[in-house]
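I have placed the structure first, in the form of structure tokens, so that the comments after it can refer back to it.
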Amino acid sequence: MAQKKLAIIATKGSLDWAYPPFILASTAAALDYEVQIFFTFYGLQLLKKKLDLQVTPLGNPGMPMPGGMEKFMPVILTALPFMQGVMTSMMKAKMKKKGVASIEQLRELCQEAEVKLIACQMTVDLFDMDSTQFIDGVEYAGAAAFFEFAGQSDICLYI
């Protein structure tokens, strides 16, 4: 029986959007899937050696707030300049308290499980990104090369 394949396209570069691709990829790899993650546009932030990811509370009305604050705090208040930092600090503290693995740990787990991490070459060029800022082991390819794998995959996810 052929090995199952999972293709993931990661387009977001914030803390709250960093977890899904790495959790799903590492889980699939543990279940013996062949996995590739294609990082494009802002998703390329997740490949940087030095991560400074923030939570994105603005425009995220589904985000639970401590003490049920979402019931009386209008979403518009998340646009205040300090709210992103506050929400990021709160989220990181909660994750630490609950023992949730860091993005760096999940990323390393993916690499150990032979998940291919592919940076979109067009986006790297578009944003004049310095590839020396990326972690070791990243491959570079265009969308056409990724589609070769994605077209044969059992599951394709866009995150």
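Following the order of the structure tokens, first chain is A, next is B, and so on, with residues numbered from 1 inside each chain and ligands from 1 in the order they appear.
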Can you tell me, as a JSON list (two decimals) with N, CA, C and O atoms, in the first residue's frame, what residues are no more than 10 Å from range 43-49 of chain A when counting only C-alpha atoms, ignoring any on the same chain fewer than 3 positions away?
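Output contents, as saved in part_30.json:
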[["chain", "number", "residue", "atom", "x", "y", "z"],
["A", 9, "ILE", "N", -0.32, 24.31, 2.67],
["A", 9, "ILE", "CA", 0.12, 25.62, 2.24],
["A", 9, "ILE", "C", -0.05, 26.55, 3.44],
["A", 9, "ILE", "O", -1.17, 26.72, 3.93],
["A", 10, "ALA", "N", 1.05, 27.13, 3.93],
["A", 10, "ALA", "CA", 1.02, 28.03, 5.09],
["A", 10, "ALA", "C", 1.21, 29.46, 4.61],
["A", 10, "ALA", "O", 2.25, 29.79, 4.04],
["A", 11, "THR", "N", 0.21, 30.30, 4.85],
["A", 11, "THR", "CA", 0.24, 31.68, 4.35],
["A", 11, "THR", "C", 0.25, 32.74, 5.44],
["A", 11, "THR", "O", 0.36, 33.92, 5.13],
["A", 12, "LYS", "N", 0.13, 32.35, 6.67],
["A", 12, "LYS", "CA", 0.02, 33.32, 7.77],
["A", 12, "LYS", "C", 1.29, 33.29, 8.61],
["A", 12, "LYS", "O", 1.87, 32.24, 8.84],
["A", 13, "GLY", "N", 1.69, 34.46, 9.12],
["A", 13, "GLY", "CA", 2.93, 34.56, 9.88],
["A", 13, "GLY", "C", 2.74, 35.06, 11.30],
["A", 13, "GLY", "O", 3.61, 35.70, 11.85],
["A", 14, "SER", "N", 1.60, 34.75, 11.90],
["A", 14, "SER", "CA", 1.35, 35.19, 13.27],
["A", 14, "SER", "C", 1.38, 33.98, 14.21],
["A", 14, "SER", "O", 1.31, 32.83, 13.77],
["A", 15, "LEU", "N", 1.48, 34.26, 15.51],
["A", 15, "LEU", "CA", 1.58, 33.19, 16.50],
["A", 15, "LEU", "C", 0.38, 32.25, 16.45],
["A", 15, "LEU", "O", 0.53, 31.03, 16.45],
["A", 17, "TRP", "N", -1.61, 31.62, 14.02],
["A", 17, "TRP", "CA", -1.70, 30.88, 12.77],
["A", 17, "TRP", "C", -0.47, 30.00, 12.52],
["A", 17, "TRP", "O", -0.42, 29.26, 11.54],
["A", 18, "ALA", "N", 0.51, 30.06, 13.40],
["A", 18, "ALA", "CA", 1.72, 29.25, 13.24],
["A", 18, "ALA", "C", 1.49, 27.82, 13.72],
["A", 18, "ALA", "O", 2.12, 26.89, 13.20],
["A", 19, "TYR", "N", 0.64, 27.64, 14.67],
["A", 19, "TYR", "CA", 0.45, 26.31, 15.25],
["A", 19, "TYR", "C", -0.20, 25.29, 14.31],
["A", 19, "TYR", "O", 0.29, 24.15, 14.20],
["A", 21, "PRO", "N", -0.24, 24.54, 10.97],
["A", 21, "PRO", "CA", 0.55, 23.76, 10.01],
["A", 21, "PRO", "C", 1.56, 22.82, 10.67],
["A", 21, "PRO", "O", 1.74, 21.69, 10.21],
["A", 22, "PHE", "N", 2.20, 23.29, 11.74],
["A", 22, "PHE", "CA", 3.22, 22.45, 12.40],
["A", 22, "PHE", "C", 2.58, 21.30, 13.20],
["A", 22, "PHE", "O", 3.12, 20.19, 13.21],
["A", 38, "PHE", "N", 4.35, 24.13, 2.25],
["A", 38, "PHE", "CA", 4.77, 25.18, 1.33],
["A", 38, "PHE", "C", 4.47, 26.52, 1.99],
["A", 38, "PHE", "O", 3.31, 26.86, 2.23],
["A", 39, "PHE", "N", 5.52, 27.26, 2.35],
["A", 39, "PHE", "CA", 5.37, 28.54, 3.04],
["A", 39, "PHE", "C", 5.43, 29.66, 2.01],
["A", 39, "PHE", "O", 6.43, 29.80, 1.29],
["A", 40, "THR", "N", 4.36, 30.44, 1.94],
["A", 40, "THR", "CA", 4.31, 31.52, 0.97],
["A", 40, "THR", "C", 3.82, 32.80, 1.64],
["A", 40, "THR", "O", 3.18, 32.75, 2.69],
["A", 52, "ASP", "N", 9.63, 36.23, 16.25],
["A", 52, "ASP", "CA", 9.00, 37.23, 17.10],
["A", 52, "ASP", "C", 7.54, 37.32, 16.67],
["A", 52, "ASP", "O", 7.10, 38.33, 16.14],
["A", 53, "LEU", "N", 6.84, 36.22, 16.86],
["A", 53, "LEU", "CA", 5.47, 36.13, 16.38],
["A", 53, "LEU", "C", 4.49, 36.74, 17.38],
["A", 53, "LEU", "O", 4.65, 36.59, 18.60],
["A", 103, "ILE", "N", 6.56, 27.06, 19.00],
["A", 103, "ILE", "CA", 6.67, 26.92, 17.55],
["A", 103, "ILE", "C", 8.04, 26.35, 17.18],
["A", 103, "ILE", "O", 8.15, 25.48, 16.32],
["A", 104, "GLU", "N", 9.08, 26.81, 17.86],
["A", 104, "GLU", "CA", 10.42, 26.30, 17.59],
["A", 104, "GLU", "C", 10.50, 24.79, 17.83],
["A", 104, "GLU", "O", 11.09, 24.06, 17.03],
["A", 107, "ARG", "N", 8.47, 22.97, 15.09],
["A", 107, "ARG", "CA", 9.21, 23.06, 13.83],
["A", 107, "ARG", "C", 10.35, 22.05, 13.81],
["A", 107, "ARG", "O", 10.55, 21.34, 12.81],
["A", 117, "LEU", "N", 10.06, 21.32, 4.48],
["A", 117, "LEU", "CA", 9.67, 22.71, 4.67],
["A", 117, "LEU", "C", 10.16, 23.47, 3.43],
["A", 117, "LEU", "O", 11.35, 23.59, 3.20],
["A", 118, "ILE", "N", 9.21, 23.96, 2.64],
["A", 118, "ILE", "CA", 9.53, 24.56, 1.36],
["A", 118, "ILE", "C", 9.16, 26.05, 1.37],
["A", 118, "ILE", "O", 8.01, 26.41, 1.60],
["A", 119, "ALA", "N", 10.15, 26.90, 1.13],
["A", 119, "ALA", "CA", 9.92, 28.34, 1.02],
["A", 119, "ALA", "C", 9.59, 28.67, -0.43],
["A", 119, "ALA", "O", 10.26, 28.20, -1.35],
["A", 120, "CYS", "N", 8.56, 29.46, -0.62],
["A", 120, "CYS", "CA", 8.18, 29.91, -1.97],
["A", 120, "CYS", "C", 9.25, 30.85, -2.51],
["A", 120, "CYS", "O", 9.43, 31.95, -1.99],
["A", 123, "THR", "N", 8.09, 34.39, -3.51],
["A", 123, "THR", "CA", 7.82, 35.30, -2.40],
["A", 123, "THR", "C", 9.12, 35.77, -1.75],
["A", 123, "THR", "O", 9.24, 36.93, -1.38],
["A", 124, "VAL", "N", 10.09, 34.88, -1.62],
["A", 124, "VAL", "CA", 11.41, 35.25, -1.08],
["A", 124, "VAL", "C", 11.99, 36.37, -1.93],
["A", 124, "VAL", "O", 12.47, 37.39, -1.42],
["A", 129, "MET", "N", 13.80, 38.89, 0.73],
["A", 129, "MET", "CA", 14.11, 38.24, 2.01],
["A", 129, "MET", "C", 15.52, 37.65, 1.95],
["A", 129, "MET", "O", 15.96, 37.18, 0.91],
["A", 130, "ASP", "N", 16.18, 37.69, 3.09],
["A", 130, "ASP", "CA", 17.52, 37.15, 3.23],
["A", 130, "ASP", "C", 17.41, 35.70, 3.69],
["A", 130, "ASP", "O", 17.03, 35.44, 4.83],
["A", 131, "SER", "N", 17.73, 34.76, 2.83],
["A", 131, "SER", "CA", 17.56, 33.34, 3.16],
["A", 131, "SER", "C", 18.47, 32.89, 4.29],
["A", 131, "SER", "O", 18.23, 31.84, 4.88],
["A", 132, "THR", "N", 19.49, 33.67, 4.63],
["A", 132, "THR", "CA", 20.35, 33.30, 5.76],
["A", 132, "THR", "C", 19.61, 33.48, 7.09],
["A", 132, "THR", "O", 20.07, 32.99, 8.12],
["A", 133, "GLN", "N", 18.48, 34.17, 7.06],
["A", 133, "GLN", "CA", 17.66, 34.34, 8.27],
["A", 133, "GLN", "C", 16.75, 33.13, 8.52],
["A", 133, "GLN", "O", 16.14, 33.03, 9.57],
["A", 134, "PHE", "N", 16.68, 32.23, 7.54],
["A", 134, "PHE", "CA", 15.83, 31.05, 7.68],
["A", 134, "PHE", "C", 16.60, 29.92, 8.37],
["A", 134, "PHE", "O", 17.82, 29.85, 8.30],
["A", 135, "ILE", "N", 15.85, 29.03, 8.99],
["A", 135, "ILE", "CA", 16.44, 27.86, 9.64],
["A", 135, "ILE", "C", 17.11, 26.97, 8.59],
["A", 135, "ILE", "O", 16.77, 27.04, 7.40],
["A", 136, "ASP", "N", 18.03, 26.14, 9.02],
["A", 136, "ASP", "CA", 18.68, 25.19, 8.13],
["A", 136, "ASP", "C", 17.67, 24.14, 7.68],
["A", 136, "ASP", "O", 16.73, 23.81, 8.40],
["A", 137, "GLY", "N", 17.89, 23.61, 6.51],
["A", 137, "GLY", "CA", 17.06, 22.52, 6.01],
["A", 137, "GLY", "C", 15.88, 22.95, 5.16],
["A", 137, "GLY", "O", 15.14, 22.11, 4.66],
["A", 138, "VAL", "N", 15.69, 24.25, 5.00],
["A", 138, "VAL", "CA", 14.58, 24.74, 4.18],
["A", 138, "VAL", "C", 14.93, 24.55, 2.72],
["A", 138, "VAL", "O", 16.05, 24.82, 2.29],
["A", 159, "ILE", "N", -3.72, 26.88, 4.92],
["A", 159, "ILE", "CA", -3.82, 27.49, 6.24],
["A", 159, "ILE", "C", -3.27, 28.90, 6.19],
["A", 159, "ILE", "O", -2.18, 29.12, 5.74]]
Handout entry: Members of range 5-150 of chain A assigned helix (DSSP H, G or I) by DSSP, as an MDAnalysis selection string
Key = chainID A and resid 15:30 41:47 66:71 75:79 83:98 103:112 121:126 131:133 143:150
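Distance annotation: of A:Thr27, A:Gln36, A:Thr88, A:Thr56, the residue with the minimal separation from Glu139 in chain A is A:Gln36; atom set is only C-alpha atoms.
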